[in-house]
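For reference, upload_35.cif (mmCIF, C-alpha atoms):
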```cif
data_protein
loop_
_atom_site.label_atom_id
_atom_site.label_comp_id
_atom_site.auth_asym_id
_atom_site.auth_seq_id
_atom_site.Cartn_x
_atom_site.Cartn_y
_atom_site.Cartn_z
CA MET W 1 -3.13 20.63 8.51
CA ARG W 2 -3.22 18.80 11.82
CA ALA W 3 0.21 18.08 13.24
CA ARG W 4 -0.34 14.32 13.21
CA ASP W 5 -1.18 14.45 9.48
CA ASN W 6 2.01 16.28 8.56
CA PRO W 7 4.20 13.90 6.50
CA PHE W 8 7.32 15.35 8.12
CA THR W 9 6.52 14.66 11.78
CA ILE W 10 9.42 13.64 13.96
CA GLU W 11 7.95 10.13 14.31
CA ARG W 12 7.95 9.63 10.52
CA ILE W 13 11.39 11.15 10.12
CA HIS W 14 12.81 8.85 12.80
CA GLY W 15 11.51 5.96 10.72
CA VAL W 16 13.96 6.90 7.96
CA ARG W 17 17.24 5.14 8.60
CA TYR W 18 20.76 5.95 7.39
CA ARG W 19 21.51 5.03 3.79
CA PRO W 20 25.22 4.41 3.18
CA PHE W 21 26.32 5.33 -0.37
CA HIS W 22 28.93 2.67 -1.12
CA THR W 23 28.40 -0.01 1.50
CA THR W 24 25.76 -1.68 3.64
CA LEU W 25 25.09 -1.80 7.35
CA GLU W 26 26.44 -5.35 7.32
CA GLY W 27 29.59 -4.17 5.56
CA LEU W 28 30.09 -1.45 8.16
CA ILE W 29 29.69 -3.96 10.98
CA LEU W 30 32.33 -6.21 9.41
CA CYS W 31 34.67 -3.24 9.04
CA LEU W 32 33.96 -2.18 12.62
CA GLU W 33 34.86 -5.69 13.75
CA THR W 34 38.24 -5.48 11.96
CA MET W 35 38.80 -2.14 13.74
CA ASP W 36 38.29 -3.91 17.07
CA TYR W 37 35.15 -1.79 17.66
CA ARG W 38 37.19 1.41 18.00
CA ALA W 39 36.00 3.87 15.38
CA ALA W 40 34.40 7.20 14.52
CA LEU W 41 31.50 8.24 12.33
CA VAL W 42 32.52 11.65 11.02
CA GLY W 43 30.52 14.34 9.26
CA PRO W 44 28.69 17.64 9.47
CA ASP W 45 25.43 18.31 11.30
CA GLY W 46 22.44 16.60 9.73
CA SER W 47 24.48 14.04 7.78
CA GLY W 48 23.13 10.98 9.60
CA LYS W 49 25.87 10.20 12.11
CA THR W 50 23.51 9.72 15.06
CA THR W 51 21.06 7.63 13.03
CA LEU W 52 23.87 5.39 11.82
CA LEU W 53 25.31 5.11 15.33
CA GLU W 54 21.88 3.98 16.59
CA ASP W 55 21.54 1.48 13.73
CA LEU W 56 24.98 -0.03 14.38
CA ARG W 57 24.21 -0.29 18.08
CA HIS W 58 20.84 -1.91 17.41
CA ALA W 59 22.35 -4.45 14.99
CA LEU W 60 25.07 -5.45 17.46
CA THR W 61 22.59 -5.64 20.34
CA GLU W 62 20.39 -7.97 18.25
CA ARG W 63 23.44 -10.22 17.81
CA GLY W 64 23.79 -10.48 21.57
CA GLN W 65 26.49 -7.85 22.08
CA ARG W 66 26.14 -5.77 25.22
CA THR W 67 26.04 -2.05 24.31
CA ARG W 68 25.54 1.34 25.90
CA LEU W 69 24.59 4.66 24.31
CA VAL W 70 26.01 7.89 25.68
CA PHE W 71 24.57 11.09 24.21
CA VAL W 72 26.34 14.40 24.75
CA ASN W 73 25.50 17.87 23.48
CA ASP W 74 25.34 21.43 24.79
CA THR W 75 22.13 20.75 26.72
CA CYS W 76 23.21 17.30 27.91
CA PRO W 77 26.90 17.70 28.87
CA LEU W 78 29.23 15.05 30.20
CA ASN W 79 29.63 16.84 33.51
CA GLY W 80 31.56 15.50 36.51
CA PRO W 81 28.82 13.33 38.08
CA ARG W 82 27.64 11.94 34.74
CA ARG W 83 31.22 11.24 33.63
CA ARG W 84 32.05 9.47 36.92
CA GLN W 85 28.87 7.37 36.64
CA LEU W 86 29.69 6.35 33.07
CA LEU W 87 33.22 5.33 33.95
CA ALA W 88 32.12 3.49 37.09
CA ASP W 89 29.40 1.55 35.26
CA VAL W 90 31.20 0.49 32.08
CA ALA W 91 31.57 -3.27 31.73
CA PRO W 92 34.44 -5.10 30.04
CA ASP W 93 32.08 -6.87 27.60
CA GLU W 94 30.27 -3.67 26.61
CA ILE W 95 30.68 -1.57 23.46
CA VAL W 96 30.07 2.10 24.22
CA PHE W 97 28.39 4.15 21.49
CA PHE W 98 29.26 7.76 22.21
CA ASP W 99 27.33 10.44 20.33
CA GLY W 100 29.00 13.85 20.43
CA ALA W 101 32.58 13.10 21.42
CA ASP W 102 33.85 16.34 19.94
CA VAL W 103 31.61 18.60 22.05
CA ILE W 104 33.32 17.79 25.34
CA PRO W 105 36.55 19.57 26.36
CA ARG W 106 39.68 17.98 24.90
CA ALA W 107 41.25 17.06 28.27
CA THR W 108 37.99 15.41 29.36
CA TRP W 109 37.73 13.54 26.04
CA LEU W 110 41.30 12.23 26.32
CA MET W 111 40.66 10.94 29.84
CA VAL W 112 37.27 9.38 28.95
CA LYS W 113 38.65 7.85 25.75
CA ARG W 114 41.64 6.31 27.55
CA ARG W 115 39.46 4.79 30.27
CA LEU W 116 36.82 3.48 27.88
CA LEU W 117 39.39 1.97 25.53
CA GLN W 118 40.98 0.21 28.52
CA GLU W 119 37.81 -0.93 30.24
CA ALA W 120 35.17 -1.51 27.53
CA ALA W 121 35.00 -3.97 24.65
CA GLY W 122 34.82 -1.10 22.18
CA LEU W 123 34.14 2.58 21.60
CA VAL W 124 32.27 3.95 18.59
CA ILE W 125 31.80 7.72 18.43
CA THR W 126 30.34 10.49 16.32
CA SER W 127 32.35 13.59 15.59
CA HIS W 128 32.19 16.56 13.26
CA ARG W 129 35.90 16.24 12.52
CA PRO W 130 38.26 13.29 12.05
CA GLY W 131 41.09 12.42 14.39
CA LEU W 132 39.44 11.44 17.67
CA LEU W 133 39.43 7.75 16.68
CA PRO W 134 40.06 6.01 13.33
CA THR W 135 37.27 6.86 10.87
CA LEU W 136 34.81 4.07 10.08
CA LEU W 137 32.73 6.22 7.72
CA GLU W 138 32.61 9.83 6.66
CA CYS W 139 28.91 10.66 6.50
CA SER W 140 27.79 13.06 3.81
CA THR W 141 24.66 14.16 2.03
CA THR W 142 23.61 15.03 -1.51
CA PRO W 143 20.56 16.71 -3.05
CA LEU W 144 19.63 13.29 -4.45
CA LEU W 145 19.66 11.77 -0.97
CA LEU W 146 17.33 14.52 0.26
CA ARG W 147 14.98 13.84 -2.67
CA GLN W 148 14.99 10.10 -1.91
CA ILE W 149 14.16 10.67 1.74
CA VAL W 150 11.41 13.14 0.89
CA ASP W 151 9.98 10.68 -1.67
CA THR W 152 9.48 8.14 1.11
CA LEU W 153 7.74 10.70 3.37
CA GLN W 154 5.70 12.99 1.14
CA PRO W 155 2.07 12.36 0.30
CA GLU W 156 1.39 11.25 -3.28
CA HIS W 157 -1.23 13.94 -3.76
CA GLN W 158 1.13 16.75 -2.75
CA PRO W 159 4.67 16.14 -4.03
CA VAL W 160 7.42 18.52 -3.01
CA PRO W 161 8.92 20.34 -6.01
CA THR W 162 12.51 19.41 -6.80
CA ASP W 163 13.58 23.05 -7.03
CA LEU W 164 12.30 23.62 -3.47
CA LEU W 165 14.33 20.64 -2.24
CA ASP W 166 17.46 21.85 -4.03
CA ASP W 167 16.96 25.32 -2.53
CA LEU W 168 16.54 23.85 0.97
CA PHE W 169 19.64 21.70 0.53
CA ASP W 170 21.70 24.73 -0.51
CA ARG W 171 20.26 27.01 2.18
CA HIS W 172 21.02 24.48 4.93
CA HIS W 173 24.44 23.51 3.53
CA GLY W 174 23.44 19.85 3.17
CA ASN W 175 21.96 19.50 6.67
CA ILE W 176 19.10 17.13 5.89
CA ARG W 177 17.67 17.36 9.40
CA ASP W 178 17.17 21.12 8.99
CA CYS W 179 15.69 20.63 5.51
CA LEU W 180 13.10 18.23 6.92
CA ARG W 181 12.26 20.66 9.73
CA ASP W 182 11.58 23.36 7.14
CA LEU W 183 9.37 20.96 5.20
CA TYR W 184 7.40 20.21 8.36
CA ASP W 185 6.80 23.95 8.82
CA ALA W 186 5.90 24.40 5.14
CA PHE W 187 3.32 21.61 5.28
CA ALA W 188 1.95 22.85 8.60
CA CYS W 189 1.35 26.29 7.06
CA ASP W 190 0.20 24.89 3.70
CA ARG W 191 3.08 26.61 1.87
CA VAL W 192 4.12 23.75 -0.42
CA ALA W 193 3.33 24.51 -4.04
#
```
Would you encode the structure as structure tokens?
Amino acid sequence: MRARDNPFTIERIHGVRYRPFHTTLEGLILCLETMDYRAALVGPDGSGKTTLLEDLRHALTERGQRTRLVFVNDTCPLNGPRRRQLLADVAPDEIVFFDGADVIPRATWLMVKRRLLQEAAGLVITSHRPGLLPTLLECSTTPLLLRQIVDTLQPEHQPVPTDLLDDLFDRHHGNIRDCLRDLYDAFACDRVA
């Protein structure tokens, strides 16, 4: 199969947005407003935190709110120059969406958090654990959610067996991103039965 024909390409996967279980995006925005735009999206890897953070940011930007996205991980750290630039550039009318707050050293996080809460209109973060800011939503996954996502991506002529999806979900401990990567590889090698 050609890469562009694979139903699990990164472009198609990025088209799948976060699906809250017991609320809506609008409901989360209203809750975020009551929290004065100071909140955390908490959950394990592959549970949709980054996607939801992007969706919240996009929705607020469309409403005219000034926003900024800061992405931090092991390959894109919040080092000294980047940290100084962020803190120098933040505007008082800006909500900062900070993906990966728990991967920076604690002392750095406390300093960045204090400054951003003082100088920005809001701070919304992702974290694997609660406690860095009040929790807006605890993101989680289920085998059913994986099946629903796969149903929107898979070709009608080649459905993915439910037992394969359940096995992937178990093997990856609910990390849907890793499940979808495995499905990309399986389709690329024609291993889906």
For W:Arg19, the nearest of the candidates W:Leu180, W:Leu137, W:Asp89, W:Ala40, counting all atoms listed in the file
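Closest residue, counting all atoms listed in the file: W:Leu137.
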Surrounding residues of W:Ser47 excluding itself and chain neighbours under 6 positions, 7 Å, all atoms listed in the file, as a ChimeraX atom specification
/W:139-141,175-176
Which residues come within 12 Å of W:Arg2, counting all atoms listed in the file, excluding same-chain residues fewer than 2 positions away, as a short mmCIF file (atom, residue, chain, number, x, y, z; two decimals) with C-alpha atoms, keeping the file's coordinate frame?
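Once written, selection29.cif looks like this:
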```cif
data_model
loop_
_atom_site.label_atom_id
_atom_site.label_comp_id
_atom_site.auth_asym_id
_atom_site.auth_seq_id
_atom_site.Cartn_x
_atom_site.Cartn_y
_atom_site.Cartn_z
CA ARG W 4 -0.34 14.32 13.21
CA ASP W 5 -1.18 14.45 9.48
CA ASN W 6 2.01 16.28 8.56
CA PRO W 7 4.20 13.90 6.50
CA PHE W 8 7.32 15.35 8.12
CA THR W 9 6.52 14.66 11.78
CA TYR W 184 7.40 20.21 8.36
CA ASP W 185 6.80 23.95 8.82
CA PHE W 187 3.32 21.61 5.28
CA ALA W 188 1.95 22.85 8.60
CA CYS W 189 1.35 26.29 7.06
CA ASP W 190 0.20 24.89 3.70
#
```
Result set of the PyMOL selection byres ((chain W and resi 35) around 12) on the coordinates above, as a CSV table (one decimal) with C-alpha atoms, in the coordinates of the input:
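As a result, out_31.csv now contains:
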```
chain,number,residue,atom,x,y,z
W,28,LEU,CA,30.1,-1.4,8.2
W,29,ILE,CA,29.7,-4.0,11.0
W,30,LEU,CA,32.3,-6.2,9.4
W,31,CYS,CA,34.7,-3.2,9.0
W,32,LEU,CA,34.0,-2.2,12.6
W,33,GLU,CA,34.9,-5.7,13.8
W,34,THR,CA,38.2,-5.5,12.0
W,36,ASP,CA,38.3,-3.9,17.1
W,37,TYR,CA,35.2,-1.8,17.7
W,38,ARG,CA,37.2,1.4,18.0
W,39,ALA,CA,36.0,3.9,15.4
W,40,ALA,CA,34.4,7.2,14.5
W,121,ALA,CA,35.0,-4.0,24.6
W,122,GLY,CA,34.8,-1.1,22.2
W,123,LEU,CA,34.1,2.6,21.6
W,124,VAL,CA,32.3,4.0,18.6
W,133,LEU,CA,39.4,7.8,16.7
W,134,PRO,CA,40.1,6.0,13.3
W,135,THR,CA,37.3,6.9,10.9
W,136,LEU,CA,34.8,4.1,10.1
W,137,LEU,CA,32.7,6.2,7.7
```
Quick check, in Å to one decimal: how far apart do atom CA of W:Pro44 and atom CA of W:Thr61 lie?
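Atom-to-atom, atom CA of W:Pro44 and atom CA of W:Thr61 are spaced 26.4 Å apart.
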Record the distance separating atom CA of W:Arg66 and atom CA of W:Leu78, expressed in Å with one decimal.
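So the answer is 21.6 Å.
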So which residues get picked by the PyMOL selection byres ((chain W and resi 146) around 10) here, written as a PyMOL selection string?
chain W and resi 141-145+147-151+162+165-166+168-169+174-177+179-180
Go through W:Asp163, W:Ile10, W:Arg57, W:Leu41 one by one, measure the shortest atom-to-atom distance of each to W:Pro130 using only C-alpha atoms, and give the residue with the smallest value.
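The answer is W:Leu41, which sits nearest to W:Pro130.
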Using all atoms listed in the file for the distances, tell me which of W:Gly100, W:Gly48, W:Gly80, W:Pro105 is nearest to W:Arg129.
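Ranking W:Gly100, W:Gly48, W:Gly80, W:Pro105 by distance to W:Arg129, first place goes to W:Gly100.
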Taking all atoms listed in the file into account, which of W:Leu110, W:Arg171, W:Thr23, W:Val160 comes nearest W:Ala186?
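Closest residue, counting all atoms listed in the file: W:Val160.
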Please compute the atom CA of W:Leu87-atom CA of W:Val70 distance, one decimal, in Å.
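Interatomic distance here is 11.3 Å.
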Selection result of the PyMOL selection byres ((chain W and resi 18) around 8) on this file, as an NGL selection string
:W and (16-17 or 19-20 or 48 or 51-52 or 55)
Considering all atoms listed in the file, return as a list in words whatever protein or nucleic-acid residues lie within 12 Å of W:Arg106, sequence-local ones (same chain, fewer than 6 positions apart) excluded.
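Those residues are Val112, Lys113, Gly131 and Leu132 of chain W.
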Kindly export the residues of the current selection with C-alpha atoms, as an mmCIF file, keeping the file's coordinate frame.
```cif
data_model
loop_
_atom_site.group_PDB
_atom_site.id
_atom_site.type_symbol
_atom_site.label_atom_id
_atom_site.label_comp_id
_atom_site.auth_asym_id
_atom_site.auth_seq_id
_atom_site.Cartn_x
_atom_site.Cartn_y
_atom_site.Cartn_z
ATOM 1 C CA VAL W 112 37.270 9.380 28.950
ATOM 2 C CA LYS W 113 38.650 7.850 25.750
ATOM 3 C CA GLY W 131 41.090 12.420 14.390
ATOM 4 C CA LEU W 132 39.440 11.440 17.670
#
```
Residues at most 9 Å from W:Ala59, counting all atoms listed in the file, excluding those fewer than 6 positions away in the same chain, as a PyMOL selection string?
chain W and resi 25-26+29+65
Kindly export the residues of the current selection with C-alpha atoms, as a CSV table (one decimal), in the coordinates of the input.
```csv
chain,number,residue,atom,x,y,z
W,25,LEU,CA,25.1,-1.8,7.4
W,26,GLU,CA,26.4,-5.4,7.3
W,29,ILE,CA,29.7,-4.0,11.0
W,65,GLN,CA,26.5,-7.8,22.1
```
Find the spatial neighbours of W:Ala120, counting all atoms listed in the file, within a cut-off of 9 Å - ignore same-chain residues fewer than 6 positions away - and output them as number ranges by chain.
W: 90-96
